[in-house]
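Visitor: Just so it is clear, I am handing over entry.cif, which has mmCIF, C-alpha atoms and all ligand atoms.
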data_query
loop_
_atom_site.label_atom_id
_atom_site.label_comp_id
_atom_site.auth_asym_id
_atom_site.auth_seq_id
_atom_site.Cartn_x
_atom_site.Cartn_y
_atom_site.Cartn_z
CA MET E 1113 63.01 85.31 98.44
CA ALA E 1114 65.41 82.57 97.52
CA ILE E 1115 65.05 81.38 93.97
CA THR E 1116 67.18 78.38 93.28
CA THR E 1117 65.14 77.00 90.41
CA PRO E 1118 65.89 78.15 86.87
CA ARG E 1119 63.16 80.77 86.73
CA TRP E 1120 65.53 83.45 85.53
CA HIS E 1121 62.95 85.97 84.40
CA GLU E 1122 61.19 85.70 87.75
CA LEU E 1123 64.51 86.49 89.36
CA ALA E 1124 64.89 89.51 87.05
CA ASP E 1125 61.32 90.61 87.89
CA HIS E 1126 62.20 90.39 91.57
CA VAL E 1127 65.29 92.59 91.09
CA LEU E 1128 63.45 95.06 88.83
CA ASP E 1129 60.87 95.39 91.61
CA GLY E 1130 63.65 96.48 93.97
CA GLY E 1131 64.48 93.12 95.46
CA VAL E 1132 67.95 91.72 95.96
CA VAL E 1133 69.21 88.30 95.04
CA THR E 1134 70.46 85.90 97.66
CA ALA E 1135 73.74 84.03 97.64
CA ALA E 1136 71.75 80.92 96.70
CA ASP E 1137 70.29 82.73 93.69
CA ALA E 1138 73.75 83.88 92.59
CA LEU E 1139 75.15 80.40 93.00
CA ALA E 1140 72.28 79.01 90.94
CA VAL E 1141 73.18 81.39 88.10
CA LEU E 1142 76.77 80.11 88.09
CA ARG E 1143 75.57 76.51 88.15
CA SER E 1144 72.81 76.87 85.58
CA PRO E 1145 72.93 74.35 82.72
CA ASP E 1146 73.95 75.30 79.21
CA SER E 1147 70.39 74.59 78.09
CA GLU E 1148 69.26 77.61 80.12
CA LEU E 1149 72.15 79.91 79.26
CA MET E 1150 70.18 82.05 76.81
CA GLU E 1151 67.43 82.53 79.39
CA VAL E 1152 70.01 83.55 81.99
CA VAL E 1153 71.52 86.09 79.59
CA ALA E 1154 68.09 87.36 78.52
CA ALA E 1155 67.01 87.86 82.11
CA ALA E 1156 70.25 89.59 83.10
CA SER E 1157 70.06 91.79 80.02
CA ARG E 1158 66.74 93.21 81.25
CA LEU E 1159 68.59 94.60 84.25
CA ARG E 1160 71.36 95.93 82.03
CA PHE E 1161 68.91 97.72 79.70
CA GLN E 1162 66.89 99.03 82.63
CA HIS E 1163 69.89 100.84 84.07
CA PHE E 1164 72.10 101.57 81.06
CA GLY E 1165 69.83 101.48 78.02
CA ASN E 1166 71.67 100.63 74.82
CA LYS E 1167 74.89 102.42 75.80
CA VAL E 1168 78.33 100.88 76.15
CA LYS E 1169 80.97 102.77 78.07
CA VAL E 1170 84.32 102.57 76.34
CA ASN E 1171 87.41 102.80 78.54
CA TYR E 1172 91.03 103.06 77.47
CA LEU E 1173 94.05 101.84 79.42
CA VAL E 1174 97.32 103.76 79.55
CA ASN E 1175 100.09 101.83 81.26
CA LEU E 1176 102.22 104.59 82.78
CA LYS E 1177 104.80 102.24 84.28
CA SER E 1178 105.16 98.60 83.31
CA GLY E 1179 106.67 95.68 85.18
CA LEU E 1180 109.28 95.78 87.95
CA CYS E 1181 106.76 95.38 90.78
CA PRO E 1182 107.96 94.07 94.17
CA GLU E 1183 104.60 92.42 94.92
CA ASP E 1184 104.01 88.76 94.07
CA CYS E 1185 100.42 88.56 92.78
CA PHE E 1186 100.51 85.12 91.17
CA TYR E 1187 98.44 86.08 88.11
CA CYS E 1188 100.41 89.19 87.24
CA SER E 1189 102.97 89.43 84.47
CA GLN E 1190 104.48 92.46 86.23
CA ARG E 1191 105.08 90.67 89.54
CA LEU E 1192 108.30 90.08 91.39
CA ASN E 1193 110.44 87.54 89.51
CA SER E 1194 108.05 87.39 86.54
CA THR E 1195 109.86 86.08 83.49
CA ALA E 1196 106.99 86.97 81.15
CA GLY E 1197 108.39 88.77 78.13
CA ILE E 1198 106.41 91.93 78.73
CA LEU E 1199 107.43 95.52 78.13
CA ARG E 1200 109.25 96.91 81.14
CA TYR E 1201 109.60 100.66 81.51
CA THR E 1202 109.50 103.36 84.14
CA TRP E 1203 107.16 106.33 84.16
CA LEU E 1204 105.93 107.85 80.92
CA ASN E 1205 106.34 111.61 80.93
CA THR E 1206 103.29 113.87 80.70
CA GLU E 1207 103.53 114.32 76.94
CA GLU E 1208 103.82 110.57 76.32
CA ALA E 1209 100.91 109.85 78.62
CA VAL E 1210 98.69 112.48 77.03
CA THR E 1211 99.53 111.18 73.56
CA ALA E 1212 98.59 107.67 74.63
CA ALA E 1213 95.34 108.86 76.21
CA LYS E 1214 94.39 110.81 73.11
CA ALA E 1215 94.58 107.66 70.98
CA GLY E 1216 91.86 106.06 73.07
CA ILE E 1217 89.76 109.22 73.28
CA ALA E 1218 89.89 109.64 69.50
CA ALA E 1219 88.55 106.11 69.12
CA GLY E 1220 85.56 106.83 71.35
CA ALA E 1221 86.70 106.24 74.93
CA SER E 1222 84.94 108.41 77.49
CA ARG E 1223 87.17 107.20 80.32
CA VAL E 1224 90.95 106.94 80.41
CA CYS E 1225 92.50 104.65 83.01
CA LEU E 1226 96.00 105.65 84.09
CA VAL E 1227 97.73 102.62 85.55
CA ALA E 1228 101.14 102.12 87.16
CA SER E 1229 102.64 98.91 88.48
CA GLY E 1230 103.96 98.79 92.02
CA THR E 1231 102.93 98.48 95.65
CA GLY E 1232 101.76 102.05 95.72
CA PRO E 1233 102.92 105.52 94.67
CA SER E 1234 105.17 107.97 96.48
CA ASN E 1235 103.83 111.46 96.95
CA ARG E 1236 106.15 112.59 94.16
CA GLU E 1237 104.63 109.99 91.84
CA VAL E 1238 101.12 111.08 92.78
CA GLY E 1239 102.21 114.60 91.81
CA LYS E 1240 103.45 113.29 88.48
CA VAL E 1241 100.12 111.56 87.79
CA SER E 1242 98.23 114.66 88.91
CA ASP E 1243 100.08 116.66 86.25
CA ILE E 1244 99.07 114.08 83.64
CA ILE E 1245 95.44 114.20 84.77
CA GLU E 1246 95.38 117.98 84.56
CA ALA E 1247 96.89 117.89 81.06
CA ILE E 1248 94.34 115.32 79.84
CA LYS E 1249 91.46 117.26 81.37
CA SER E 1250 92.72 120.51 79.90
CA ASP E 1251 92.74 118.94 76.45
CA THR E 1252 89.45 117.03 76.81
CA PRO E 1253 87.37 118.38 79.69
CA GLY E 1254 84.61 115.81 79.37
CA VAL E 1255 86.74 112.71 79.60
CA GLU E 1256 86.70 110.79 82.86
CA VAL E 1257 90.05 109.88 84.31
CA CYS E 1258 90.55 106.90 86.58
CA ALA E 1259 93.85 106.36 88.35
CA CYS E 1260 95.13 102.93 89.33
CA LEU E 1261 98.41 103.25 91.18
CA GLY E 1262 98.25 100.59 93.87
CA ALA E 1263 97.83 101.06 97.60
CA LEU E 1264 97.35 104.68 98.63
CA LYS E 1265 98.80 106.52 101.60
CA ASP E 1266 96.88 109.11 103.55
CA GLY E 1267 96.17 112.22 101.53
CA GLN E 1268 97.00 110.74 98.14
CA ALA E 1269 93.39 110.06 97.11
CA GLU E 1270 92.53 113.65 98.02
CA LYS E 1271 95.45 114.93 95.93
CA LEU E 1272 94.29 112.92 92.91
CA CYS E 1273 90.74 114.12 93.43
CA SER E 1274 91.84 117.77 93.53
CA SER E 1275 93.77 117.34 90.29
CA GLY E 1276 90.60 116.25 88.52
CA ALA E 1277 90.60 112.46 88.84
CA ASP E 1278 87.09 111.06 88.70
CA ALA E 1279 87.73 107.54 89.88
CA TYR E 1280 90.25 105.22 91.49
CA ASN E 1281 90.62 101.57 90.57
CA HIS E 1282 91.89 98.99 93.01
CA ASN E 1283 90.68 95.47 92.32
CA LEU E 1284 89.93 93.03 95.11
CA ASN E 1285 90.92 90.40 92.53
CA THR E 1286 89.55 87.37 94.33
CA ALA E 1287 87.49 86.42 97.35
CA GLU E 1288 88.91 87.07 100.81
CA SER E 1289 88.80 83.33 101.49
CA HIS E 1290 90.99 82.72 98.42
CA TYR E 1291 93.33 85.67 98.70
CA GLU E 1292 96.27 83.87 100.32
CA ASP E 1293 96.29 81.49 97.35
CA ILE E 1294 97.02 84.27 94.88
CA CYS E 1295 99.30 86.66 96.79
CA THR E 1296 101.57 86.57 99.81
CA THR E 1297 102.99 90.10 99.93
CA HIS E 1298 99.81 91.94 100.83
CA THR E 1299 96.36 91.05 102.10
CA TYR E 1300 92.76 91.36 101.07
CA ALA E 1301 92.33 93.82 103.93
CA ASP E 1302 95.07 96.00 102.42
CA ARG E 1303 93.09 96.15 99.20
CA GLU E 1304 89.85 96.89 101.00
CA HIS E 1305 91.57 99.76 102.78
CA THR E 1306 92.56 101.44 99.53
CA VAL E 1307 89.07 101.04 98.06
CA ALA E 1308 87.70 102.73 101.19
CA GLN E 1309 90.28 105.53 100.97
CA ALA E 1310 89.32 106.29 97.38
CA HIS E 1311 85.64 106.27 98.24
CA GLY E 1312 86.22 108.43 101.28
CA ALA E 1313 88.02 111.06 99.21
CA GLY E 1314 85.06 111.39 96.89
CA LEU E 1315 86.49 109.38 94.02
CA SER E 1316 84.24 106.93 92.22
CA ALA E 1317 85.31 103.49 93.41
CA CYS E 1318 86.19 101.01 90.68
CA SER E 1319 87.01 97.53 91.91
CA GLY E 1320 86.70 94.16 90.30
CA PHE E 1321 88.26 90.77 90.01
CA ILE E 1322 89.90 88.11 87.90
CA ALA E 1323 87.94 84.91 87.33
CA GLY E 1324 89.65 81.63 86.61
CA MET E 1325 92.31 81.58 89.34
CA GLY E 1326 91.15 78.36 91.02
CA GLU E 1327 88.36 79.99 93.02
CA THR E 1328 85.13 78.10 93.67
CA HIS E 1329 81.65 79.21 92.68
CA ASP E 1330 80.99 80.03 96.32
CA GLN E 1331 84.04 82.28 96.36
CA LEU E 1332 82.93 84.13 93.22
CA VAL E 1333 79.59 84.76 94.92
CA GLU E 1334 81.33 85.80 98.15
CA LEU E 1335 83.35 88.33 96.17
CA ALA E 1336 80.38 89.71 94.24
CA PHE E 1337 78.49 90.27 97.46
CA ASP E 1338 81.49 92.00 99.02
CA LEU E 1339 81.76 94.34 96.02
CA ARG E 1340 78.05 95.11 96.35
CA ALA E 1341 78.47 95.78 100.06
CA LYS E 1342 81.30 98.20 99.29
CA ASP E 1343 78.98 100.07 96.93
CA VAL E 1344 81.57 100.29 94.18
CA ASP E 1345 80.49 102.16 91.07
CA SER E 1346 82.16 99.94 88.51
CA ILE E 1347 83.29 96.32 88.47
CA PRO E 1348 85.88 95.23 85.91
CA VAL E 1349 85.52 91.50 85.31
CA ASN E 1350 88.80 90.03 84.08
CA PHE E 1351 89.30 86.46 82.94
CA LEU E 1352 92.70 85.04 83.77
CA LEU E 1353 95.38 85.44 81.13
CA PRO E 1354 97.83 82.71 82.13
CA PHE E 1355 101.10 84.40 81.20
CA ASP E 1356 104.13 82.19 80.78
CA GLY E 1357 106.63 83.06 83.49
CA THR E 1358 104.03 83.50 86.23
CA PRO E 1359 102.84 80.97 88.83
CA LEU E 1360 99.49 80.66 87.04
CA GLU E 1361 101.10 79.86 83.69
CA GLY E 1362 98.95 77.30 81.88
CA VAL E 1363 95.96 77.57 84.22
CA ASP E 1364 92.88 77.36 82.01
CA THR E 1365 89.66 76.60 83.85
CA LEU E 1366 87.13 78.81 82.07
CA ASN E 1367 84.93 78.30 79.05
CA PRO E 1368 82.85 80.92 77.21
CA ARG E 1369 79.56 79.85 78.82
CA ASP E 1370 81.07 80.03 82.30
CA CYS E 1371 82.25 83.55 81.51
CA LEU E 1372 78.74 84.60 80.48
CA ARG E 1373 77.34 83.08 83.66
CA ILE E 1374 79.90 84.99 85.74
CA LEU E 1375 78.93 88.28 84.08
CA ALA E 1376 75.25 87.47 84.57
CA MET E 1377 75.76 86.57 88.22
CA VAL E 1378 77.46 89.90 88.88
CA ARG E 1379 74.66 91.72 87.02
CA PHE E 1380 72.01 90.06 89.18
CA VAL E 1381 73.93 90.89 92.36
CA ALA E 1382 74.76 94.48 91.37
CA PRO E 1383 72.11 95.39 88.78
CA ASP E 1384 72.81 99.12 88.54
CA THR E 1385 76.61 98.93 88.72
CA GLU E 1386 78.81 99.44 85.67
CA ILE E 1387 80.12 96.00 84.74
CA ARG E 1388 83.12 96.02 82.45
CA MET E 1389 84.35 93.17 80.29
CA ALA E 1390 88.08 93.44 80.91
CA ALA E 1391 91.27 91.55 80.13
CA GLY E 1392 90.88 88.02 78.89
CA ARG E 1393 87.49 88.57 77.24
CA GLU E 1394 88.79 87.77 73.78
CA ARG E 1395 90.47 84.59 74.91
CA HIS E 1396 87.78 83.25 77.21
CA LEU E 1397 84.46 84.53 75.84
CA GLY E 1398 85.62 83.76 72.32
CA TYR E 1399 82.74 83.87 69.86
CA LEU E 1400 80.34 84.76 72.71
CA GLN E 1401 82.04 88.12 73.37
CA GLY E 1402 79.31 90.15 71.71
CA MET E 1403 76.70 88.39 73.80
CA GLY E 1404 78.54 89.55 76.89
CA LEU E 1405 77.58 93.11 75.99
CA TYR E 1406 73.93 92.30 76.67
CA VAL E 1407 74.95 91.76 80.30
CA ALA E 1408 78.00 94.00 80.77
CA ASN E 1409 77.67 97.67 79.80
CA SER E 1410 81.33 98.61 79.54
CA LEU E 1411 84.60 97.41 78.03
CA PHE E 1412 88.24 98.32 77.55
CA LEU E 1413 89.07 99.28 73.99
CA GLY E 1414 92.13 97.83 72.29
CA ASP E 1415 95.11 96.58 74.25
CA TYR E 1416 95.50 95.86 77.94
CA LEU E 1417 98.37 96.68 80.26
CA THR E 1418 100.82 94.03 79.11
CA SER E 1419 98.81 91.99 76.61
CA GLU E 1420 97.20 92.67 73.27
CA GLY E 1421 93.46 92.93 72.84
CA GLN E 1422 91.63 92.55 69.58
CA PRO E 1423 91.88 95.57 67.25
CA GLY E 1424 90.02 98.59 68.58
CA GLY E 1425 87.98 98.73 65.38
CA GLU E 1426 86.67 95.24 66.08
CA ASP E 1427 85.61 96.31 69.57
CA LEU E 1428 83.57 99.14 68.05
CA GLN E 1429 82.15 96.86 65.36
CA MET E 1430 81.14 94.34 68.03
CA ILE E 1431 79.20 97.09 69.83
CA ALA E 1432 77.50 98.16 66.62
CA ASP E 1433 76.69 94.57 65.62
CA ALA E 1434 74.91 94.12 68.95
CA GLY E 1435 72.72 97.13 68.15
CA LEU E 1436 74.35 99.10 70.96
CA GLU E 1437 75.92 102.56 70.99
CA VAL E 1438 79.12 103.96 72.45
CA LEU E 1439 78.37 106.28 75.38
CA GLN E 1440 79.54 109.76 74.43
CA MET E 1441 81.26 112.11 76.85
CA ASP E 1442 79.63 115.46 77.64
CA HIS E 1443 82.41 117.75 76.42
CA PRO E 1444 84.71 116.11 73.85
CA ALA E 1445 87.94 117.73 72.69
CA GLY E 1446 87.24 120.83 70.64
CA ASP E 1447 83.82 121.32 72.26
CA THR E 1448 83.12 125.02 71.89
CA GLY E 1449 80.53 124.96 74.62
CA ASP E 1450 77.73 125.98 72.24
CA GLY E 1451 76.81 122.46 71.31
CA THR E 1452 79.13 122.15 68.33
CA VAL E 1453 82.23 120.02 68.15
CA GLU E 1454 85.14 121.22 66.05
CA ALA E 1455 86.97 117.94 65.79
CA ALA E 1456 84.37 115.22 65.51
CA THR E 1457 86.69 112.38 66.32
CA ALA E 1458 84.77 110.62 69.06
CA ASN E 1459 83.30 107.99 66.77
CA ALA E 1460 86.13 107.78 64.28
CA PRO E 1461 86.81 104.20 63.28
CA ALA E 1462 89.82 102.90 65.17
CA ASN E 1463 93.02 102.67 63.17
CA ALA E 1464 91.39 104.86 60.51
CA ALA E 1465 94.59 106.80 59.98
CA GLY E 1466 97.11 104.32 61.24
CA PRO E 1467 98.45 101.02 60.05
CA ALA E 1468 96.23 97.97 60.16
CA THR E 1469 96.41 96.22 63.50
CA PRO E 1470 96.89 92.48 63.23
CA ALA E 1471 94.16 90.45 64.87
CA VAL E 1472 95.06 89.01 68.25
CA ALA E 1473 94.95 85.26 68.71
CA THR E 1474 91.83 84.45 70.71
CA GLY E 1475 92.06 80.69 71.07
CA ARG E 1476 92.65 79.42 74.60
CA ASP E 1477 95.40 77.09 73.47
CA GLN E 1478 97.39 80.08 72.21
CA LYS E 1479 100.09 81.80 74.26
CA VAL E 1480 99.07 85.15 75.71
CA ALA E 1481 99.94 87.81 73.13
CA ILE E 1482 102.29 90.30 74.76
CA ARG E 1483 101.68 93.99 74.06
CA THR E 1484 104.51 95.44 71.97
CA ARG E 1485 102.85 98.66 70.77
CA GLY E 1486 101.36 101.82 72.20
CA ALA E 1487 102.51 103.26 75.55
CA GLY E 1488 106.19 102.69 76.24
CA THR E 1489 107.02 101.90 72.59
CA SER E 1490 107.44 103.85 69.39
CA GLU E 1491 104.71 101.80 67.70
CA PRO E 1492 101.19 103.16 67.12
CA ALA E 1493 98.65 102.18 69.77
CA ASN E 1494 95.84 99.74 69.16
CA ALA E 1495 92.92 102.06 69.73
S1 LIG L 1 98.81 93.23 90.38
FE1 LIG L 1 99.74 95.23 90.82
S2 LIG L 1 100.63 94.94 92.89
FE2 LIG L 1 100.24 92.87 92.08
S3 LIG L 1 102.20 92.27 91.10
FE3 LIG L 1 100.89 93.18 89.50
S4 LIG L 1 101.50 95.36 89.40
FE4 LIG L 1 102.26 94.51 91.35
#
Could the structure of this file be written out as structure tokens, please?
Guide:
Amino acid sequence: MAITTPRWHELADHVLDGGVVTAADALAVLRSPDSELMEVVAAASRLRFQHFGNKVKVNYLVNLKSGLCPEDCFYCSQRLNSTAGILRYTWLNTEEAVTAAKAGIAAGASRVCLVASGTGPSNREVGKVSDIIEAIKSDTPGVEVCACLGALKDGQAEKLCSSGADAYNHNLNTAESHYEDICTTHTYADREHTVAQAHGAGLSACSGFIAGMGETHDQLVELAFDLRAKDVDSIPVNFLLPFDGTPLEGVDTLNPRDCLRILAMVRFVAPDTEIRMAAGRERHLGYLQGMGLYVANSLFLGDYLTSEGQPGGEDLQMIADAGLEVLQMDHPAGDTGDGTVEAATANAPANAAGPATPAVATGRDQKVAIRTRGAGTSEPANA
């Protein structure tokens, strides 16, 4: 059933009845007029509430190793020859990583994402990350841990899985037909291979993309359908942060309504998949960020890998203002196993005990705000 007319609730009915949208339907969502935007969001939100209720999954990024990557992904501030003024550091040790993770967990995150720049890890580095995962899990058994370490070699996904990792993130980033325009040092097929390895090892597959890198509407749809075909469990939707000192410096093709349409398109294509508002949401969704939560059911709290997000407390307030609730983990830190929690920190307001976090500039004419706090620094994290 191809629906190319703006009957968005009929399209939602079709999906709620077990149907799937066509590429033409998805394209129509992306090309819908502003006058129908609220209907598009309302229809997509029915799918979101059907599968995720009023819960928002809060994720927290820990950048274990920043910059110094030999790959040349054009969008990335950590790429080869990047002159972006980002933090550059080698591996955090286990204690530093656990401390960083705890900041996010204390603010309500039920998933910690351990990320390292680079082509892919050595076996020794996988061992290092496995130690960190075990330490985090020992401290907070209920927290999910996702690793994001680049391309994996045989056996590495299994090693991460055995150390307690729940998920592996490896973004496809853009459509296969656009991939050569955003990277020359590896291929789309390389990325697909790692997603398959993670899946094959029993890890939950997390894979998403970055919108706003010169792709066409058709290519966004192509990518969404590929992610659906790969049966990934979560899709981070990033909006390009055009860092100075990268090839995509100054590229600014998105507006807030486009970003909502992109989230809605992905929701229609993958209705029961976790869709995460990721980097660039503050800049590109702007005042429509909160509305994005009626379509997406997940976000990153606080700062990103190399850029600043809005204060973590504002993320939590945005969730509350939308009438939504943070998804709680099953066994938070201090859980005695008898239903009581000794240290009830999971919903503590962010920055409650720390210094006030200055608001990040959200305007699209502003330079990307570089992260200068949290992991890899002596400054308190934005969580
Ligand atoms: S996206 Fe990953 S692989 Fe590509 S340049 Fe950045 S850190 Fe390296």
Visitor: Within 12 Å of region 1360-1367 of chain E, which residues of region 1175-1268 of chain E show up? Give each one with its shortest atom-to-atom distance in Å (one decimal) and the two atoms involved, counting only C-alpha atoms, rows by chain then rising residue number, as a Markdown table.
Guide:
| residue | atom | partner | partner_atom | distance |
| --- | --- | --- | --- | --- |
| E:Asp1184 | CA | E:Leu1360 | CA | 11.6 |
| E:Cys1185 | CA | E:Leu1360 | CA | 9.8 |
| E:Phe1186 | CA | E:Leu1360 | CA | 6.2 |
| E:Tyr1187 | CA | E:Leu1360 | CA | 5.6 |
| E:Cys1188 | CA | E:Leu1360 | CA | 8.6 |
| E:Ser1189 | CA | E:Leu1360 | CA | 9.8 |
| E:Arg1191 | CA | E:Leu1360 | CA | 11.7 |
| E:Ser1194 | CA | E:Glu1361 | CA | 10.6 |
| E:Thr1195 | CA | E:Glu1361 | CA | 10.7 |
| E:Ala1196 | CA | E:Glu1361 | CA | 9.6 |
Visitor: Give me, as a PDB file with C-alpha atoms, in the frame of the given file, the set of residues whose atoms come within 10 Å of any atom of ligand LIG 1 (chain L), counting only C-alpha atoms and all ligand atoms.
Guide:
ATOM      1  CA  LYS E1177     104.800 102.240  84.280  1.00  0.00           C
ATOM      2  CA  SER E1178     105.160  98.600  83.310  1.00  0.00           C
ATOM      3  CA  GLY E1179     106.670  95.680  85.180  1.00  0.00           C
ATOM      4  CA  LEU E1180     109.280  95.780  87.950  1.00  0.00           C
ATOM      5  CA  CYS E1181     106.760  95.380  90.780  1.00  0.00           C
ATOM      6  CA  PRO E1182     107.960  94.070  94.170  1.00  0.00           C
ATOM      7  CA  GLU E1183     104.600  92.420  94.920  1.00  0.00           C
ATOM      8  CA  ASP E1184     104.010  88.760  94.070  1.00  0.00           C
ATOM      9  CA  CYS E1185     100.420  88.560  92.780  1.00  0.00           C
ATOM     10  CA  PHE E1186     100.510  85.120  91.170  1.00  0.00           C
ATOM     11  CA  TYR E1187      98.440  86.080  88.110  1.00  0.00           C
ATOM     12  CA  CYS E1188     100.410  89.190  87.240  1.00  0.00           C
ATOM     13  CA  SER E1189     102.970  89.430  84.470  1.00  0.00           C
ATOM     14  CA  GLN E1190     104.480  92.460  86.230  1.00  0.00           C
ATOM     15  CA  ARG E1191     105.080  90.670  89.540  1.00  0.00           C
ATOM     16  CA  LEU E1192     108.300  90.080  91.390  1.00  0.00           C
ATOM     17  CA  ASN E1193     110.440  87.540  89.510  1.00  0.00           C
ATOM     18  CA  SER E1194     108.050  87.390  86.540  1.00  0.00           C
ATOM     19  CA  VAL E1227      97.730 102.620  85.550  1.00  0.00           C
ATOM     20  CA  ALA E1228     101.140 102.120  87.160  1.00  0.00           C
ATOM     21  CA  SER E1229     102.640  98.910  88.480  1.00  0.00           C
ATOM     22  CA  GLY E1230     103.960  98.790  92.020  1.00  0.00           C
ATOM     23  CA  THR E1231     102.930  98.480  95.650  1.00  0.00           C
ATOM     24  CA  GLY E1232     101.760 102.050  95.720  1.00  0.00           C
ATOM     25  CA  CYS E1260      95.130 102.930  89.330  1.00  0.00           C
ATOM     26  CA  LEU E1261      98.410 103.250  91.180  1.00  0.00           C
ATOM     27  CA  GLY E1262      98.250 100.590  93.870  1.00  0.00           C
ATOM     28  CA  ALA E1263      97.830 101.060  97.600  1.00  0.00           C
ATOM     29  CA  HIS E1282      91.890  98.990  93.010  1.00  0.00           C
ATOM     30  CA  ASN E1283      90.680  95.470  92.320  1.00  0.00           C
ATOM     31  CA  ASN E1285      90.920  90.400  92.530  1.00  0.00           C
ATOM     32  CA  ILE E1294      97.020  84.270  94.880  1.00  0.00           C
ATOM     33  CA  CYS E1295      99.300  86.660  96.790  1.00  0.00           C
ATOM     34  CA  THR E1297     102.990  90.100  99.930  1.00  0.00           C
ATOM     35  CA  HIS E1298      99.810  91.940 100.830  1.00  0.00           C
ATOM     36  CA  ARG E1303      93.090  96.150  99.200  1.00  0.00           C
ATOM     37  CA  LEU E1417      98.370  96.680  80.260  1.00  0.00           C
TER      38      LEU E1417
END
Visitor: Kindly give the distance, in Å, that separates CA of Leu1405 (chain E) and CA of Leu1436 (chain E), rounded to a single decimal.
Guide: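 These two atoms are separated by 8.5 Å.
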Visitor: For CA of Arg1223 (chain E) and CA of Gly1312 (chain E), quote the distance in Å rounded to one decimal.
Guide: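 For CA of Arg1223 (chain E) relative to CA of Gly1312 (chain E), the distance reads 21.0 Å.
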Visitor: So that I can see what lies close to Glu1304 (chain E), please list as JSON, numbers by chain the residues with an atom at most 12 Å from it, counting all atoms listed in the file and leaving out residues fewer than 2 positions away in the same chain.
Guide: {"E": [1262, 1263, 1264, 1281, 1282, 1283, 1284, 1285, 1286, 1287, 1288, 1291, 1298, 1299, 1300, 1301, 1302, 1306, 1307, 1308, 1309, 1310, 1311, 1317, 1318, 1319, 1320, 1335, 1338, 1339, 1341, 1342, 1344]}
Visitor: Pick the closest to Asn1175 (chain E) from E:Val1241, E:Ile1347, E:Met1325, E:Ile1431: which is it, counting only C-alpha atoms?
Guide: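 Answer, going by the shortest atom-to-atom distance: E:Val1241.
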